[in-house]
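Okay, query-v9.cif is below, mmCIF, C-alpha atoms:
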data_protein
#
loop_
_atom_site.label_atom_id
_atom_site.label_comp_id
_atom_site.auth_asym_id
_atom_site.auth_seq_id
_atom_site.Cartn_x
_atom_site.Cartn_y
_atom_site.Cartn_z
CA MET A 1 0.00 0.00 0.00
CA LYS A 2 1.38 3.40 -1.00
CA GLU A 3 0.73 6.71 0.71
CA ASN A 4 -2.60 7.69 -0.88
CA ASP A 5 -3.87 4.14 -1.32
CA ARG A 6 -6.95 3.29 0.69
CA VAL A 7 -9.19 0.31 1.28
CA SER A 8 -12.45 0.90 3.04
CA ILE A 9 -15.21 -1.56 3.81
CA GLN A 10 -18.18 0.51 4.89
CA ALA A 11 -21.94 0.66 5.06
CA GLN A 12 -22.21 4.29 4.03
CA ASP A 13 -22.20 5.52 0.46
CA PHE A 14 -19.07 6.99 -1.07
CA ASN A 15 -18.45 10.11 -3.13
CA VAL A 16 -16.35 9.35 -6.20
CA ALA A 17 -15.13 12.93 -6.65
CA GLU A 18 -13.92 13.11 -3.05
CA GLU A 19 -12.16 9.77 -3.28
CA ILE A 20 -10.43 10.70 -6.53
CA ALA A 21 -9.38 14.06 -5.13
CA ALA A 22 -7.88 12.35 -2.10
CA LEU A 23 -6.18 9.77 -4.30
CA ARG A 24 -4.65 12.44 -6.56
CA ALA A 25 -3.80 14.65 -3.55
CA GLY A 26 -2.08 17.34 -5.57
CA ASP A 27 0.25 14.85 -7.28
CA HIS A 28 1.20 16.62 -10.51
CA ARG A 29 2.69 13.45 -11.96
CA VAL A 30 -0.84 12.12 -12.43
CA GLY A 31 -1.97 12.28 -16.04
CA ALA A 32 -4.63 9.61 -15.85
CA VAL A 33 -7.35 8.71 -13.39
CA CYS A 34 -9.41 5.61 -14.06
CA SER A 35 -12.39 4.66 -11.95
CA PHE A 36 -14.99 1.91 -11.93
CA ILE A 37 -18.23 1.87 -9.96
CA GLY A 38 -20.35 -1.25 -9.48
CA THR A 39 -24.03 -0.67 -8.76
CA VAL A 40 -27.00 -2.76 -7.62
CA ARG A 41 -29.25 -3.93 -10.45
CA ASP A 42 -32.88 -4.87 -10.02
CA ARG A 43 -32.50 -7.97 -12.20
CA ASN A 44 -32.09 -11.06 -10.10
CA GLN A 45 -29.69 -13.79 -11.11
CA ASN A 46 -32.30 -16.24 -12.41
CA SER A 47 -32.60 -15.88 -16.17
CA ALA A 48 -36.13 -17.22 -16.09
CA ASP A 49 -36.91 -14.47 -13.55
CA PRO A 50 -39.70 -16.29 -11.75
CA THR A 51 -38.98 -14.54 -8.48
CA GLY A 52 -39.33 -11.04 -9.84
CA PRO A 53 -37.09 -8.01 -9.47
CA VAL A 54 -34.53 -7.61 -6.72
CA GLN A 55 -35.99 -5.42 -3.99
CA SER A 56 -32.78 -5.16 -1.98
CA MET A 57 -29.41 -6.80 -1.66
CA GLU A 58 -27.51 -7.62 1.51
CA LEU A 59 -23.72 -7.78 1.50
CA GLU A 60 -21.88 -9.82 4.12
CA HIS A 61 -18.11 -9.90 4.51
CA TYR A 62 -15.30 -11.42 6.61
CA PRO A 63 -14.10 -8.63 8.93
CA GLY A 64 -10.33 -8.80 9.28
CA MET A 65 -9.76 -10.75 6.10
CA THR A 66 -11.52 -8.45 3.64
CA GLU A 67 -9.34 -5.41 4.19
CA LYS A 68 -6.12 -7.45 4.16
CA ALA A 69 -7.13 -9.31 1.03
CA ILE A 70 -7.86 -6.13 -0.93
CA GLU A 71 -4.69 -4.42 0.32
CA ALA A 72 -2.71 -7.38 -1.00
CA MET A 73 -4.50 -7.01 -4.35
CA ILE A 74 -3.50 -3.34 -4.50
CA ASP A 75 0.11 -4.30 -3.69
CA GLU A 76 -0.02 -6.77 -6.58
CA ALA A 77 -1.42 -4.05 -8.86
CA HIS A 78 1.56 -1.81 -7.94
CA ARG A 79 3.92 -4.67 -8.85
CA ARG A 80 2.27 -5.35 -12.22
CA PHE A 81 1.41 -1.86 -13.41
CA ASP A 82 3.13 1.50 -13.37
CA ILE A 83 0.52 3.25 -11.21
CA PHE A 84 0.81 5.91 -8.53
CA GLY A 85 -2.09 4.94 -6.31
CA ALA A 86 -5.26 2.92 -5.93
CA ARG A 87 -8.38 3.11 -3.78
CA VAL A 88 -11.04 0.50 -3.26
CA ILE A 89 -14.25 1.25 -1.39
CA HIS A 90 -16.71 -1.62 -0.96
CA ARG A 91 -20.01 -1.28 0.81
CA ILE A 92 -21.68 -3.82 3.07
CA GLY A 93 -25.11 -4.14 4.60
CA VAL A 94 -28.45 -3.67 2.88
CA LEU A 95 -28.44 -1.86 -0.46
CA GLN A 96 -31.20 -0.89 -2.91
CA PRO A 97 -31.28 -1.05 -6.72
CA ALA A 98 -29.16 1.73 -8.24
CA ASP A 99 -27.07 2.05 -5.05
CA GLN A 100 -23.31 2.14 -5.43
CA ILE A 101 -21.61 -1.05 -4.24
CA VAL A 102 -17.94 -0.73 -5.10
CA LEU A 103 -15.42 1.84 -6.29
CA VAL A 104 -12.02 1.08 -7.76
CA ALA A 105 -9.97 4.18 -8.62
CA VAL A 106 -6.41 4.21 -9.96
CA THR A 107 -3.93 6.95 -10.95
CA SER A 108 -0.97 6.79 -13.31
CA ALA A 109 1.02 8.99 -15.66
CA HIS A 110 -0.65 7.67 -18.80
CA ARG A 111 -4.01 5.98 -19.38
CA GLY A 112 -2.87 2.46 -20.36
CA GLU A 113 -1.62 1.50 -16.93
CA SER A 114 -4.57 2.77 -14.92
CA PHE A 115 -7.15 1.26 -17.33
CA LYS A 116 -5.46 -2.12 -16.93
CA ALA A 117 -4.89 -1.85 -13.19
CA CYS A 118 -8.52 -0.85 -12.61
CA GLU A 119 -9.82 -3.87 -14.53
CA PHE A 120 -7.27 -6.12 -12.83
CA LEU A 121 -8.39 -5.02 -9.37
CA MET A 122 -12.06 -5.59 -10.20
CA ASP A 123 -11.37 -9.05 -11.68
CA TYR A 124 -9.30 -9.91 -8.61
CA LEU A 125 -11.79 -8.79 -6.00
CA LYS A 126 -14.70 -10.45 -7.81
CA THR A 127 -13.08 -13.84 -7.30
CA GLN A 128 -11.12 -13.56 -4.08
CA ALA A 129 -12.44 -10.82 -1.79
CA PRO A 130 -14.62 -12.39 0.92
CA PHE A 131 -18.02 -10.83 0.30
CA TRP A 132 -21.32 -12.61 -0.23
CA LYS A 133 -24.49 -11.13 -1.73
CA LYS A 134 -28.02 -12.10 -0.86
CA GLU A 135 -30.89 -10.87 -3.05
CA GLN A 136 -34.29 -10.14 -1.59
CA THR A 137 -37.22 -10.61 -3.96
CA ALA A 138 -40.98 -10.73 -3.49
CA VAL A 139 -40.91 -14.48 -2.89
CA GLY A 140 -37.95 -14.55 -0.53
CA ALA A 141 -34.18 -14.27 -0.28
CA GLN A 142 -31.54 -16.13 -2.25
CA TRP A 143 -27.76 -16.12 -2.13
CA VAL A 144 -26.15 -15.04 -5.39
CA ASP A 145 -24.07 -17.71 -7.14
CA ALA A 146 -20.48 -17.09 -8.14
CA ARG A 147 -19.82 -17.09 -11.87
CA VAL A 148 -17.28 -19.14 -13.81
CA SER A 149 -16.89 -16.13 -16.14
CA ASP A 150 -15.35 -14.22 -13.23
CA ASP A 151 -12.79 -16.98 -12.72
CA GLU A 152 -12.05 -16.81 -16.45
CA ALA A 153 -11.57 -13.03 -16.22
CA LEU A 154 -8.98 -13.45 -13.48
CA ALA A 155 -7.26 -16.25 -15.38
CA LYS A 156 -6.58 -13.79 -18.21
CA TRP A 157 -4.19 -12.01 -15.86
CA GLY A 158 -2.33 -15.24 -15.24
CA ILE A 159 -3.90 -15.89 -11.85
CA PRO A 160 -5.57 -19.28 -11.62
CA ALA A 161 -8.96 -18.86 -10.04
CA SER A 162 -11.24 -21.57 -8.80
CA ASN A 163 -13.85 -19.60 -6.94
CA ALA A 164 -16.98 -20.61 -8.82
CA VAL A 165 -16.09 -24.19 -9.70
CA VAL A 166 -16.67 -27.05 -7.30
CA MET B 1 -5.18 -28.30 19.53
CA LYS B 2 -7.57 -25.41 19.76
CA VAL B 3 -8.76 -23.80 16.53
CA HIS B 4 -11.20 -20.94 15.95
CA ILE B 5 -13.66 -21.71 13.18
CA LYS B 6 -15.80 -19.17 11.32
CA TYR B 7 -18.70 -19.82 8.96
CA PHE B 8 -20.08 -17.30 6.48
CA ALA B 9 -23.09 -16.71 4.21
CA SER B 10 -25.20 -19.72 3.24
CA ILE B 11 -23.01 -22.09 5.26
CA ARG B 12 -23.48 -19.91 8.36
CA GLU B 13 -27.24 -19.93 7.75
CA ALA B 14 -27.44 -23.70 7.22
CA LEU B 15 -25.51 -24.33 10.44
CA ALA B 16 -27.27 -21.50 12.31
CA CYS B 17 -23.78 -20.80 13.62
CA GLY B 18 -21.28 -18.05 12.88
CA GLY B 19 -18.36 -19.79 14.46
CA GLU B 20 -16.97 -21.92 17.25
CA THR B 21 -13.80 -22.76 19.09
CA LEU B 22 -12.93 -26.41 18.80
CA ASP B 23 -10.39 -28.71 20.35
CA THR B 24 -9.37 -30.93 17.45
CA SER B 25 -6.88 -33.62 16.57
CA ALA B 26 -7.04 -32.61 12.92
CA SER B 27 -3.64 -31.57 11.60
CA THR B 28 -4.80 -30.04 8.31
CA VAL B 29 -7.73 -27.98 7.09
CA ALA B 30 -8.93 -31.00 5.11
CA ALA B 31 -8.92 -33.18 8.22
CA LEU B 32 -10.83 -30.49 10.09
CA ARG B 33 -13.46 -30.33 7.37
CA ASP B 34 -13.78 -34.13 7.50
CA ALA B 35 -14.21 -33.97 11.28
CA LEU B 36 -17.00 -31.42 10.89
CA ILE B 37 -18.68 -33.47 8.14
CA ALA B 38 -18.57 -36.44 10.52
CA ARG B 39 -20.94 -34.57 12.85
CA GLY B 40 -23.67 -35.35 10.34
CA GLY B 41 -26.80 -33.29 9.83
CA ALA B 42 -26.38 -29.75 8.52
CA TYR B 43 -22.58 -30.01 8.85
CA ALA B 44 -22.44 -33.07 6.63
CA GLU B 45 -24.64 -31.36 4.06
CA SER B 46 -23.10 -27.87 3.96
CA LEU B 47 -19.48 -28.99 4.02
CA ALA B 48 -19.91 -32.15 1.94
CA ARG B 49 -17.15 -33.14 -0.48
CA GLY B 50 -18.47 -32.21 -3.88
CA ARG B 51 -19.88 -28.90 -2.62
CA ALA B 52 -18.06 -25.69 -3.47
CA VAL B 53 -16.57 -24.71 -0.12
CA ARG B 54 -13.71 -22.24 0.12
CA VAL B 55 -11.38 -21.96 3.09
CA ALA B 56 -9.24 -19.28 4.67
CA LEU B 57 -6.51 -20.00 7.21
CA ASN B 58 -5.57 -17.11 9.49
CA GLN B 59 -7.54 -14.75 7.24
CA THR B 60 -5.80 -15.71 4.01
CA LEU B 61 -7.30 -17.86 1.26
CA SER B 62 -5.88 -21.33 1.58
CA ASP B 63 -6.08 -24.80 0.15
CA GLU B 64 -7.11 -27.68 2.35
CA ALA B 65 -3.68 -29.29 2.49
CA ALA B 66 -2.54 -26.47 4.78
CA ALA B 67 -1.38 -27.51 8.24
CA LEU B 68 -3.21 -26.34 11.33
CA GLU B 69 -1.41 -24.80 14.28
CA GLU B 70 -2.55 -24.05 17.81
CA GLY B 71 -4.90 -21.08 17.84
CA ALA B 72 -5.37 -21.02 14.07
CA GLU B 73 -8.43 -19.29 12.61
CA VAL B 74 -10.12 -21.36 9.90
CA ALA B 75 -13.05 -20.04 7.90
CA PHE B 76 -15.38 -22.04 5.67
CA PHE B 77 -17.48 -20.16 3.13
CA PRO B 78 -19.20 -20.47 -0.23
CA PRO B 79 -17.64 -19.04 -3.41
CA VAL B 80 -17.34 -15.28 -3.00
CA THR B 81 -19.69 -12.88 -4.76
CA GLY B 82 -18.47 -9.37 -4.03
CA GLY B 83 -17.82 -6.48 -6.36
#

Just dump the structure as structure tokens.
Amino acid sequence: MKENDRVSIQAQDFNVAEEIAALRAGDHRVGAVCSFIGTVRDRNQNSADPTGPVQSMELEHYPGMTEKAIEAMIDEAHRRFDIFGARVIHRIGVLQPADQIVLVAVTSAHRGESFKACEFLMDYLKTQAPFWKKEQTAVGAQWVDARVSDDEALAKWGIPASNAVV
Amino acid sequence: MKVHIKYFASIREALACGGETLDTSASTVAALRDALIARGGAYAESLARGRAVRVALNQTLSDEAAALEEGAEVAFFPPVTGG
């Protein structure tokens, strides 16, 4: 973790502009800022959609492990890419459709490195950060299944992932 | 030896238990999982071989061959779905 890097697991919403400003912190070397925000959709995971739209989503995590795991991912991003800093904010608790869930923001001199590092960090946390989502619909609650496509996304970076498979 | 076990998400719900401290003779994570499966009932079902169960040892993702030490924290959880 470098000086302006930050990992926060929090219930409250985040402000992207504030986080980016803090990440850049007057560093005039920064020529590129790349950010990704994940938001809650109202489509539930069942393609047949018999249970109807998602009314809310609850996010559980492993306190103690989550922060450490994401910090290690940021350290790996610094090793692989020429970036100045990275911030990850991930919310927990009960969220509603359209709510922000996660922010990944990265700074670098030129755009190539921060585009790649931002995608890398998202692919990494999708498959290895200890969070679990539970969707609430009109007929009840269901835990979201992990996707093999997320494992495949991480594998593209040369990291074998076996999160979704048995 | 004493180990601290944590359960998360659907496994936690199925066991109606977030964690426990256990005195075990298991020397690896795999042996610990087998010992829990041997309890039968919800433990046998949630942690069954053939189910996708992930483990962390001392708050780091681990494979089941890892050796247990006194006071270790072992977590069992379903595939993660954050982000």

message = For Val54 (chain A), find every residue with an atom within 8 Å (counting all atoms listed in the file), except residues of its own chain fewer than 4 positions away, and show them as a list in words.
response = Arg41, Asp42, Arg43, Asn44, Pro97, Glu135, Gln136, Thr137 and Ala138 of chain A

Deliver the residues from the most recent selection as a file, using C-alpha atoms, as a short mmCIF file (atom, residue, chain, number, x, y, z; two decimals), keeping the file's coordinate frame.
data_model
loop_
_atom_site.label_atom_id
_atom_site.label_comp_id
_atom_site.auth_asym_id
_atom_site.auth_seq_id
_atom_site.Cartn_x
_atom_site.Cartn_y
_atom_site.Cartn_z
CA ARG A 41 -29.25 -3.93 -10.45
CA ASP A 42 -32.88 -4.87 -10.02
CA ARG A 43 -32.50 -7.97 -12.20
CA ASN A 44 -32.09 -11.06 -10.10
CA PRO A 97 -31.28 -1.05 -6.72
CA GLU A 135 -30.89 -10.87 -3.05
CA GLN A 136 -34.29 -10.14 -1.59
CA THR A 137 -37.22 -10.61 -3.96
CA ALA A 138 -40.98 -10.73 -3.49
#

inquiry  = With 9 Å as the limit and counting all atoms listed in the file, what residues in chain A lie close to chain B? Please list them as a PyMOL selection string.
reply    = chain A and resi 38-39+59-62+64-66+68-69+90+101-103+122-123+125-134+143-147+162-166

request  = Using only C-alpha atoms, pick whichever of A:Val139, A:Ala77, A:Met57, A:Ala21 has the shortest atom-to-atom distance to Phe115 (chain A).
outcome  = A:Ala77

query = Mind telling me what the PyMOL selection byres ((chain A and resi 13) around 10) catches here, as a PyMOL selection string?
reply = chain A and resi 10-12+14-16+89-92+95+99-102

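Counting all atoms listed in the file, Ile5 (chain B) has the following residues at most 12 Å away, ignoring those fewer than 5 positions along the same chain: Arg12, Cys17, Gly18, Gly19, Glu20, Thr21, Leu22, Asp23, Thr24, Val29, Leu32, Arg33, Leu36, Val55, Ala56, Leu57, Asn58, Gln59, Leu68, Gly71, Ala72, Glu73, Val74, Ala75, Phe76 and Phe77 of chain B.
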
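Summary of the local environment: counting all atoms listed in the file, residues at most 9 Å from Met73 (chain A), other than itself and those fewer than 6 positions away along its chain, are Phe120, Leu121, Tyr124 and Leu125 of chain A.
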
ask   = CA of Ile11 (chain B) and CA of Glu70 (chain B), how far apart in Å?
value =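 CA of Glu70 (chain B) sits 24.1 Å away from CA of Ile11 (chain B).
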